Amino acid sequence: MQPGKFDHAFQVKLDSWTVFQHRLHQLFSQREIDSIQRAQRTFNKKNRTVVYLSFENRFASLGGLAAVSRLLPPMLSKRNERVVCFTPFHSGSSAVREALKSGVLTEVFSDTVLHLCNYEGVLSCYKDNGSEVPTYLLRIDGRFCAGENPYDYSDKKELLYDSLAFCAAVPFTLYKLGLVSDLILHANDWETASVAITSKFAIVSNVLKNARCILTLHNSFDSGISREDKLKFFGIDIPGYTILQCSIPWLNGPLTTVSSTFAQELSGDPLQYGFFTDHLQHEFAMNSPLGIENGMFGESRCTCPQTIIRKARKKEFEPLLQRKKNLRKQFLSLLSRNSFAQCIGKIDDDTLEDTTAIFFMSGRLDMMQKGFDVIFHAFERLKRGSAKLVFCPSSVSADLDFFKPFVTRCEGDIVIWPFKLPLEQYEKCIAGASYLLMPSLYEPFGAATEGYIHGTPVIARGTGGLWLQVEPWNKCCIPRFYDYLIDKDSTNSRPTGFLYRESIDDLVAAKQWRPLLELTVSERIYNPLYQAIVSSAEAALKSAADLFQDETGYAEMILNGFDMLNKFSWDEPVKKYRKVYDTASIRGI
C-alpha cells in the first residue's frame, strides 16, 4: 500500500468537487428551486444526522456491502456522528422472519399510506434491537420479497421497483420518526441511489426541512429505467437511461467508492469504461469518484497464537509451519467427510504429498466478474498432481456445467462443492489451504485479508482493492492508467502472495473487453485478451506451487500476511467519510 499517494488523490478530488445545479430546472419550477435552496441554506453541520442506507443487512447478507454496513456506522457513531441506518425488510429471508418472531425486530409503526413523488404504498417500520446503532427495516406491501437472496428475481424489473419504493419510503419514514432536518443521506450502490432525487421532492413537499445526499459505489452495477417507469414513479421524465445516470447529478457531495484504485478504474480501466461504466463517463467527468479504502471485514487480529508469531519473527519457523500442517490435516479431513452426492470430483490422496499446494476458491457464481473460469483454464495447464483445487461456489446456476469437463480432465486434482459452507467449515478451508484464490476480473475492494487472518497467502488478479491488499512475490504487469497510484519500480521485500495481470496494451484491451464478455463462458478461450489473462494466471499458480515447497519462503509469506492486517483499520475510512460529510454540509447546496 502507498497511503500517502492515495491520501493526496483523495484530498485533491475532494477539494475540486463542484455542485451542478442546472438539473434543478429540468424538474422544478423556479419557486420550488428557491424553496429547496432556502431550505438547504438552513442546514446546520453541528446538528447533522447521518442516515446510512443499505439494501443489504445482517439478515440478508451477500457480500462486502453488508459487511461495511455492519462495521462503518458504529465506527462513525464512536467518532461522535449521530447515525441511523435504514434497510429493507426482506420478507423472503428466513432470518428476517425469525428475528421478527423472536422479538429482535419490533414494530415502530405499521400500515401507513406512503405517498411521495408519484408513488403510493403501504409502509411499516421495524426497529432492529440487536444493532449497535439505531437501525430500521422498512416494509412495503408487495415489495422486498425475492427470497433468501434479496436480488434474485426472475423478473429483474422487480428489483428496480424495490429500489424505487425504498427510496420513496426513506424520507417518509424519517418524517414519521421526527428526523426532518440536518440530514446527510448516505446511499450505497444503485439500489438506494435515487434517494438523491426523492429527498429533493420530499423538501418541496414539506416532508423534510433539509437533507443532503452522498453515494458510495461498492460495485459498478446499475439498472436501466424506462421513461414509462420514471413517469410512473417520479411523475416526470428525469434525464438519464439508468438509475445512476439519473441520480449522480443530484448528489450534494462527492461520489465515493471503496478503494482509490477502483476509483481510478471507473474511468481508466478498459474493462470499466469499455463495458460496465461506459454510460457513466459523462457523470464521472463532471466530478471524479473519490476512493476511500475499507477497513477489515473481520477481526483485525490473526488467529495464530502470539508465541508462534514471536518465534517466527526470530526466523524460528518450525512452530508456524507445524501449525499450518495441522490446519491442513483438518482441511483434508473435511474434504473426505464432505463427499456428498452433489459434490463434483474428488481430491486423490495418492498424488497428494506434503509439498503439494492446495488452492481454495469460493464466492458467488458470477461469471461476469469473479474470474473462476480463468482459474480452471490456468489450473488445467499445470502438471497433473502438482497442485489441487477446491472450489466452493456459494450460489449455483447453469454455469456450473462449464466446470465439469475440467474436473474430468483433471481427475483427482479438483473437487467442487456447489453449496454455501457453514462459517466454521469455511474458515477451516481457508486456514488449511495453501493459498486463497481471488481471480476477479474486477474487485472494488475484496477480502484478501480473510486469508491473512487465518495464515493463508493470497493469489489474485491485480485489480481494484486487491492491488492494496496483496504484496506480490512475483513481478506483475501494471497498466499505465493507474498512473502514480501504484509504484511500478518498487521491489517488494515482504510479499504476502502473488498477483497476476495480463500484459496487453490498454488500447487493445479496450477493443477486446466487450467482445469477450459478450461471448458465452465456453467461447471465451478463443479471445486473445482472455488467453493473455489465463496465461498470466497460469504463471502465478505455477510460481505459487513452487514456492510452497520452500518452507522458509512460504513461512515468511504467512508472517507478512499477519502484519498486513495492521494496515486496514477503520480509523482512516471513518476520517475520510467525515470529510465527505463536511463537504456536503458546507458546499452541497
# chains A, B, ... in the order shown; residues from 1 in each chain; ligands from 1
$ residues_around --residues "A:Lys156" --least-positions-apart "3" --cutoff "12 Å" --atoms "only C-alpha atoms" --output "MDAnalysis selection string"
chainID A and resid 146 150:153 159:163 222:225
$ residues_around --residues "A:Phe360" --least-positions-apart "3" --cutoff "9 Å" --atoms "only C-alpha atoms" --output "VMD selection string"
chain A and resid 388 to 392 429 to 430 433 to 437
$ residues_around --residues "stretch 203-214 of chain A" --least-positions-apart "2" --cutoff "7 Å" --atoms "only C-alpha atoms" --output "list of chain:residue names"
A:Glu32, A:Ser35, A:Ile36, A:Ala39, A:Gln40, A:Phe43, A:Pro171, A:Phe172, A:Tyr175, A:Val180, A:Ser181, A:Asp182, A:Leu183, A:Ile184, A:Leu185, A:His186, A:Ala187, A:Ala196, A:Ser199, A:Lys200, A:Phe201, A:Leu251, A:Asn252, A:Gly253, A:Pro254, A:Leu255, A:Ala584, A:Gly588
$ residues_around --residues "A:Gln342" --least-positions-apart "6" --cutoff "10 Å" --atoms "only C-alpha atoms" --output "ChimeraX atom specification"
/A:416-419
$ select_by_dssp --residues "stretch 382-578 of chain A" --states "strand (DSSP E)" --output "number ranges by chain"
A: 387-393, 413-416, 435-438, 458-461, 497-500
$ closest_residue --among "A:Phe317, A:Tyr52, A:Phe144, A:Trp250" --to "A:Asp550" --atoms "only C-alpha atoms"
A:Phe317
$ closest_residue --among "A:Glu132, A:Asp350, A:Glu293, A:Glu427" --to "A:Arg328" --atoms "only C-alpha atoms"
A:Glu427
$ residues_around --residues "stretch 227-231 of chain A" --least-positions-apart "3" --cutoff "12 Å" --atoms "only C-alpha atoms" --output "list of chain:residue names"
A:Leu27, A:Cys117, A:Asn118, A:Tyr119, A:Lys157, A:Glu158, A:Leu160, A:Tyr161, A:Leu164, A:Ala165, A:Ser194, A:Ile197, A:Thr198, A:Gly224, A:Phe234, A:Gly235, A:Ile236, A:Asp237, A:Ile238, A:Pro239, A:Gly240, A:Tyr241, A:Thr242, A:Ile243, A:Cys246
$ residues_around --residues "A:Asp571" --least-positions-apart "5" --cutoff "12 Å" --atoms "only C-alpha atoms" --output "list in words"
Leu71, Leu72, Pro74, Met75, Leu76, Lys78, Arg79, Ile292, Glu293, Asn294, Gly295, Met296, Asn566, Lys576, Tyr577 and Arg578 of chain A
$ write_last_selection --atoms "C-alpha atoms" --output "PDB file, in the first residue's frame"
ATOM      1  CA  LEU A  71     -18.967  -2.016  10.621  1.00  0.00           C
ATOM      2  CA  LEU A  72     -18.883   1.575   9.366  1.00  0.00           C
ATOM      3  CA  PRO A  74     -20.860   2.057  14.626  1.00  0.00           C
ATOM      4  CA  MET A  75     -17.386   3.427  13.928  1.00  0.00           C
ATOM      5  CA  LEU A  76     -18.908   6.732  12.801  1.00  0.00           C
ATOM      6  CA  LYS A  78     -17.886   6.350  18.070  1.00  0.00           C
ATOM      7  CA  ARG A  79     -16.478   9.465  16.345  1.00  0.00           C
ATOM      8  CA  ILE A 292     -11.958   5.509   0.396  1.00  0.00           C
ATOM      9  CA  GLU A 293     -10.378   2.184   1.329  1.00  0.00           C
ATOM     10  CA  ASN A 294     -12.451  -0.116   3.504  1.00  0.00           C
ATOM     11  CA  GLY A 295     -11.176  -1.371   6.806  1.00  0.00           C
ATOM     12  CA  MET A 296     -11.071  -5.011   7.851  1.00  0.00           C
ATOM     13  CA  ASN A 566      -2.450  -3.809  10.734  1.00  0.00           C
ATOM     14  CA  LYS A 576     -12.377  10.394   5.149  1.00  0.00           C
ATOM     15  CA  TYR A 577     -16.129   9.799   5.157  1.00  0.00           C
ATOM     16  CA  ARG A 578     -16.482  12.542   7.753  1.00  0.00           C
TER      17      ARG A 578
END
$ residues_around --residues "stretch 510-519 of chain A" --least-positions-apart "4" --cutoff "12 Å" --atoms "only C-alpha atoms" --output "count of residues only"
32
$ select_by_dssp --residues "stretch 296-371 of chain A" --states "helix (DSSP H, G or I)" --output "MDAnalysis selection string"
chainID A and resid 306:313 318:337 349:351
$ write_last_selection --atoms "C-alpha atoms" --output "CSV table (one decimal), in the first residue's frame"
chain,number,residue,atom,x,y,z
A,306,GLN,CA,1.4,-14.7,19.6
A,307,THR,CA,4.0,-17.1,20.9
A,308,ILE,CA,4.3,-18.7,17.5
A,309,ILE,CA,4.4,-15.3,15.8
A,310,ARG,CA,7.2,-14.1,18.1
A,311,LYS,CA,9.3,-17.1,17.3
A,312,ALA,CA,8.7,-16.6,13.5
A,313,ARG,CA,9.9,-13.1,13.8
A,318,GLU,CA,9.0,-24.6,12.7
A,319,PRO,CA,6.1,-23.9,15.1
A,320,LEU,CA,4.4,-21.8,12.5
A,321,LEU,CA,4.8,-24.5,9.8
A,322,GLN,CA,3.7,-27.2,12.1
A,323,ARG,CA,0.6,-25.3,13.0
A,324,LYS,CA,-0.1,-24.8,9.3
A,325,LYS,CA,0.4,-28.6,8.7
A,326,ASN,CA,-2.1,-29.3,11.5
A,327,LEU,CA,-4.7,-27.0,9.9
A,328,ARG,CA,-4.1,-28.7,6.5
A,329,LYS,CA,-4.9,-32.1,8.1
A,330,GLN,CA,-8.2,-30.7,9.4
A,331,PHE,CA,-9.0,-29.3,5.9
A,332,LEU,CA,-8.2,-32.7,4.3
A,333,SER,CA,-10.4,-34.4,6.9
A,334,LEU,CA,-13.2,-32.0,6.0
A,335,LEU,CA,-12.6,-32.8,2.3
A,336,SER,CA,-13.0,-36.5,2.9
A,337,ARG,CA,-16.2,-36.0,5.1
A,349,ASP,CA,-4.9,-38.8,-1.8
A,350,ASP,CA,-2.4,-40.9,-3.8
A,351,THR,CA,-1.0,-37.9,-5.5
$ atom_distance --atom1 "atom CA of A:Ile375" --atom2 "atom CA of A:His454"
22.2 Å
$ closest_residue --among "A:Glu380, A:Asp401, A:Glu316, A:Glu191" --to "A:Thr216" --atoms "only C-alpha atoms"
A:Glu191
$ closest_residue --among "A:Thr87, A:Ser124, A:Thr18, A:Ser102" --to "A:Ser61" --atoms "only C-alpha atoms"
A:Thr87
$ closest_residue --among "A:Thr49, A:Ser69, A:Ser288, A:Thr552" --to "A:Glu81" --atoms "only C-alpha atoms"
A:Thr49
$ closest_residue --among "A:Asp141, A:Asn44, A:Thr261, A:Glu107" --to "A:Gly121" --atoms "only C-alpha atoms"
A:Asp141
$ atom_distance --atom1 "atom CA of A:Lys176" --atom2 "atom CA of A:Thr106"
15.8 Å
$ atom_distance --atom1 "atom CA of A:Gln264" --atom2 "atom CA of A:Glu502"
18.2 Å
